[in-house]
$ cat input_32.pdb   # PDB, C-alpha atoms, pLDDT in the B column
ATOM      1  CA  MET A   1     -21.937  -8.964-147.539  1.00 63.00           C
ATOM      2  CA  LYS A   2     -22.659  -9.248-143.834  1.00 66.00           C
ATOM      3  CA  PHE A   3     -20.183 -12.113-143.713  1.00 64.00           C
ATOM      4  CA  LEU A   4     -17.551  -9.962-145.376  1.00 68.00           C
ATOM      5  CA  ARG A   5     -18.164  -7.039-143.020  1.00 73.00           C
ATOM      6  CA  GLY A   6     -17.661  -9.252-139.950  1.00 75.00           C
ATOM      7  CA  PHE A   7     -14.733 -11.236-141.417  1.00 80.00           C
ATOM      8  CA  LEU A   8     -12.695  -8.328-142.754  1.00 81.00           C
ATOM      9  CA  PRO A   9     -11.954  -6.568-139.422  1.00 82.00           C
ATOM     10  CA  ILE A  10     -11.131  -9.916-137.782  1.00 87.00           C
ATOM     11  CA  PHE A  11      -8.817 -10.785-140.661  1.00 88.00           C
ATOM     12  CA  VAL A  12      -7.040  -7.406-140.529  1.00 88.00           C
ATOM     13  CA  VAL A  13      -6.607  -7.594-136.751  1.00 90.00           C
ATOM     14  CA  SER A  14      -5.308 -11.182-136.964  1.00 93.00           C
ATOM     15  CA  VAL A  15      -2.807 -10.247-139.719  1.00 94.00           C
ATOM     16  CA  ILE A  16      -1.565  -7.301-137.646  1.00 95.00           C
ATOM     17  CA  LEU A  17      -1.336  -9.512-134.556  1.00 96.00           C
ATOM     18  CA  VAL A  18       0.575 -12.297-136.368  1.00 95.00           C
ATOM     19  CA  SER A  19       2.904  -9.765-137.965  1.00 96.00           C
ATOM     20  CA  THR A  20       3.578  -8.132-134.586  1.00 96.00           C
ATOM     21  CA  VAL A  21       4.276 -11.482-132.892  1.00 96.00           C
ATOM     22  CA  TYR A  22       6.607 -12.493-135.744  1.00 96.00           C
ATOM     23  CA  ARG A  23       8.546  -9.245-135.458  1.00 97.00           C
ATOM     24  CA  ILE A  24       8.829  -9.569-131.661  1.00 97.00           C
ATOM     25  CA  VAL A  25      10.128 -13.138-131.940  1.00 97.00           C
ATOM     26  CA  ASN A  26      12.553 -12.086-134.675  1.00 97.00           C
ATOM     27  CA  GLN A  27      13.858  -9.233-132.479  1.00 97.00           C
ATOM     28  CA  ILE A  28      14.324 -11.614-129.514  1.00 97.00           C
ATOM     29  CA  VAL A  29      16.307 -14.055-131.662  1.00 97.00           C
ATOM     30  CA  THR A  30      18.438 -11.248-133.085  1.00 97.00           C
ATOM     31  CA  LEU A  31      19.066  -9.875-129.586  1.00 97.00           C
ATOM     32  CA  SER A  32      20.139 -13.269-128.227  1.00 96.00           C
ATOM     33  CA  LYS A  33      22.548 -13.751-131.162  1.00 97.00           C
ATOM     34  CA  ALA A  34      23.971 -10.278-130.548  1.00 97.00           C
ATOM     35  CA  ARG A  35      24.513 -11.072-126.853  1.00 97.00           C
ATOM     36  CA  VAL A  36      26.415 -14.267-127.711  1.00 97.00           C
ATOM     37  CA  GLU A  37      28.548 -12.416-130.251  1.00 97.00           C
ATOM     38  CA  ASN A  38      29.133  -9.645-127.684  1.00 97.00           C
ATOM     39  CA  ARG A  39      30.434 -12.205-125.133  1.00 97.00           C
ATOM     40  CA  VAL A  40      32.762 -13.723-127.734  1.00 97.00           C
ATOM     41  CA  LEU A  41      34.086 -10.316-128.718  1.00 97.00           C
ATOM     42  CA  MET A  42      34.576  -9.280-125.075  1.00 97.00           C
ATOM     43  CA  SER A  43      36.671 -12.393-124.405  1.00 97.00           C
ATOM     44  CA  GLU A  44      38.689 -11.654-127.549  1.00 97.00           C
ATOM     45  CA  ILE A  45      39.228  -8.072-126.360  1.00 98.00           C
ATOM     46  CA  LEU A  46      40.474  -9.299-122.965  1.00 97.00           C
ATOM     47  CA  ARG A  47      42.854 -11.750-124.646  1.00 97.00           C
ATOM     48  CA  LEU A  48      44.188  -9.034-126.977  1.00 97.00           C
ATOM     49  CA  GLU A  49      44.660  -6.601-124.087  1.00 97.00           C
ATOM     50  CA  ALA A  50      46.700  -9.203-122.186  1.00 97.00           C
ATOM     51  CA  GLU A  51      48.770  -9.892-125.304  1.00 97.00           C
ATOM     52  CA  ASN A  52      49.247  -6.151-125.815  1.00 97.00           C
ATOM     53  CA  LYS A  53      50.541  -5.734-122.246  1.00 97.00           C
ATOM     54  CA  SER A  54      52.925  -8.631-122.772  1.00 96.00           C
ATOM     55  CA  LEU A  55      54.232  -7.151-126.024  1.00 96.00           C
ATOM     56  CA  LEU A  56      54.645  -3.716-124.442  1.00 95.00           C
ATOM     57  CA  ARG A  57      56.648  -5.310-121.618  1.00 92.00           C
ATOM     58  CA  LYS A  58      58.854  -7.077-124.183  1.00 90.00           C
ATOM     59  CA  ILE A  59      59.376  -3.822-126.081  1.00 89.00           C
ATOM     60  CA  GLU A  60      60.321  -2.062-122.854  1.00 88.00           C
ATOM     61  CA  GLU A  61      62.790  -4.832-121.971  1.00 85.00           C
ATOM     62  CA  ALA A  62      64.280  -4.849-125.467  1.00 83.00           C
ATOM     63  CA  SER A  63      64.821  -1.108-125.457  1.00 83.00           C
ATOM     64  CA  SER A  64      66.526  -1.047-122.049  1.00 84.00           C
ATOM     65  CA  SER A  65      70.252  -0.463-121.814  1.00 82.00           C
ATOM     66  CA  ALA A  66      70.878  -3.835-120.121  1.00 81.00           C
ATOM     67  CA  SER A  67      69.213  -5.606-123.010  1.00 82.00           C
ATOM     68  CA  ARG A  68      71.260  -3.641-125.516  1.00 81.00           C
ATOM     69  CA  GLU A  69      74.477  -4.551-123.715  1.00 82.00           C
ATOM     70  CA  ALA A  70      73.505  -8.218-123.606  1.00 81.00           C
ATOM     71  CA  ARG A  71      72.722  -8.187-127.324  1.00 81.00           C
ATOM     72  CA  ILE A  72      76.024  -6.492-128.103  1.00 79.00           C
ATOM     73  CA  ARG A  73      77.929  -9.045-126.028  1.00 78.00           C
ATOM     74  CA  ASN A  74      76.078 -12.165-127.169  1.00 77.00           C
ATOM     75  CA  ASP A  75      75.162 -11.459-130.764  1.00 79.00           C
ATOM     76  CA  LEU A  76      77.998  -9.234-131.930  1.00 78.00           C
ATOM     77  CA  GLY A  77      80.761 -10.615-129.708  1.00 75.00           C
ATOM     78  CA  MET A  78      81.769  -7.174-128.513  1.00 77.00           C
ATOM     79  CA  GLY A  79      82.741  -6.242-124.963  1.00 76.00           C
ATOM     80  CA  LYS A  80      83.674  -3.351-122.726  1.00 77.00           C
ATOM     81  CA  GLU A  81      87.158  -1.968-122.105  1.00 78.00           C
ATOM     82  CA  ASP A  82      87.547  -3.851-118.808  1.00 81.00           C
ATOM     83  CA  ASP A  83      86.568  -7.258-120.231  1.00 78.00           C
ATOM     84  CA  TYR A  84      89.069 -10.057-120.541  1.00 79.00           C
ATOM     85  CA  TRP A  85      88.778 -12.510-123.397  1.00 76.00           C
ATOM     86  CA  VAL A  86      90.055 -16.068-123.212  1.00 76.00           C
ATOM     87  CA  ILE A  87      91.036 -17.517-126.554  1.00 78.00           C
ATOM     88  CA  MET A  88      90.914 -21.308-126.465  1.00 73.00           C
ATOM     89  CA  PRO A  89      93.303 -23.323-128.610  1.00 76.00           C
ATOM     90  CA  LYS A  90      91.552 -24.971-131.519  1.00 78.00           C
ATOM     91  CA  ASP A  91      92.841 -28.481-130.765  1.00 79.00           C
ATOM     92  CA  ILE A  92      91.263 -28.574-127.242  1.00 75.00           C
ATOM     93  CA  THR A  93      87.698 -29.780-126.985  1.00 75.00           C
ATOM     94  CA  PHE A  94      85.357 -29.322-124.057  1.00 74.00           C
ATOM     95  CA  ASP A  95      85.745 -33.009-123.155  1.00 74.00           C
ATOM     96  CA  ASP A  96      89.412 -32.340-122.350  1.00 71.00           C
ATOM     97  CA  LEU A  97      88.441 -29.705-119.789  1.00 74.00           C
ATOM     98  CA  TYR A  98      86.348 -31.994-117.569  1.00 76.00           C
ATOM     99  CA  PRO A  99      87.956 -34.451-115.123  1.00 74.00           C
ATOM    100  CA  LYS A 100      87.891 -38.085-116.128  1.00 74.00           C
ATOM    101  CA  TYR A 101      86.400 -40.682-113.812  1.00 72.00           C
ATOM    102  CA  ASN A 102      86.946 -44.386-114.016  1.00 69.00           C
ATOM    103  CA  LEU A 103      83.667 -45.829-112.800  1.00 68.00           C
ATOM    104  CA  GLY A 104      84.760 -49.429-113.356  1.00 70.00           C
ATOM    105  CA  ASP A 105      86.902 -49.465-110.172  1.00 72.00           C
ATOM    106  CA  VAL A 106      84.131 -48.263-107.850  1.00 76.00           C
ATOM    107  CA  LYS A 107      82.481 -51.010-105.777  1.00 80.00           C
ATOM    108  CA  PRO A 108      78.850 -50.776-104.764  1.00 82.00           C
ATOM    109  CA  ASN A 109      78.236 -49.473-101.275  1.00 87.00           C
ATOM    110  CA  TRP A 110      76.675 -52.710-100.009  1.00 90.00           C
ATOM    111  CA  LEU A 111      79.732 -54.716-101.140  1.00 88.00           C
ATOM    112  CA  GLU A 112      82.061 -52.403 -99.231  1.00 87.00           C
ATOM    113  CA  TRP A 113      79.968 -52.931 -96.074  1.00 91.00           C
ATOM    114  CA  VAL A 114      80.070 -56.698 -96.531  1.00 92.00           C
ATOM    115  CA  GLU A 115      83.851 -56.632 -96.968  1.00 89.00           C
ATOM    116  CA  LEU A 116      84.197 -54.404 -93.897  1.00 89.00           C
ATOM    117  CA  PHE A 117      82.416 -56.842 -91.584  1.00 89.00           C
ATOM    118  CA  THR A 118      83.752 -60.078 -93.113  1.00 88.00           C
ATOM    119  CA  ARG A 119      87.492 -59.339 -92.832  1.00 75.00           C
TER     120      ARG A 119
END

$ encode --input "input_32.pdb" --output "structure tokens"
Amino acid sequence: MKFLRGFLPIFVVSVILVSTVYRIVNQIVTLSKARVENRVLMSEILRLEAENKSLLRKIEEASSSASREARIRNDLGMGKEDDYWVIMPKDITFDDLYPKYNLGDVKPNWLEWVELFTR
């Protein structure tokens, strides 16, 4: 009985102490995980805010009158009253519009210098 009287308080105190230490360690681990998750979420928030600003800028540009005019001209093929339209004949290609060069007749620069001094 004396053994039990001396052992019981020590056992109860040790159980309380171990339980307290376990809970403290568990809280520290949970806190460190929460800090890491908080950093990840903060970086995600910053990225989303930057993307949001970019999208708002695009919306503002798309709703401007200059953007509307450009879309009307480019996408719908419409113009203003003062615009002139050039209608190209169907049998002319863009290759016909560029000047033609005959590169076979051109001598290299060094050969022209040699011919200049050897004549």

$ axis_aligned_box --input "input_32.pdb" --around "segment 7-14 of chain A" --padding-each-side "8 Å" --output "lines of an AutoDock Vina configuration file"
center_x = -10.0
center_y = -8.9
center_z = -139.8
size_x = 25.4
size_y = 20.7
size_z = 22.0

$ atom_distance --input "input_32.pdb" --atom1 "atom CA of Arg23 of chain A" --atom2 "atom CA of Arg39 of chain A"
24.4 Å

$ atom_distance --input "input_32.pdb" --atom1 "atom CA of Arg71 of chain A" --atom2 "atom CA of Tyr98 of chain A"
29.1 Å
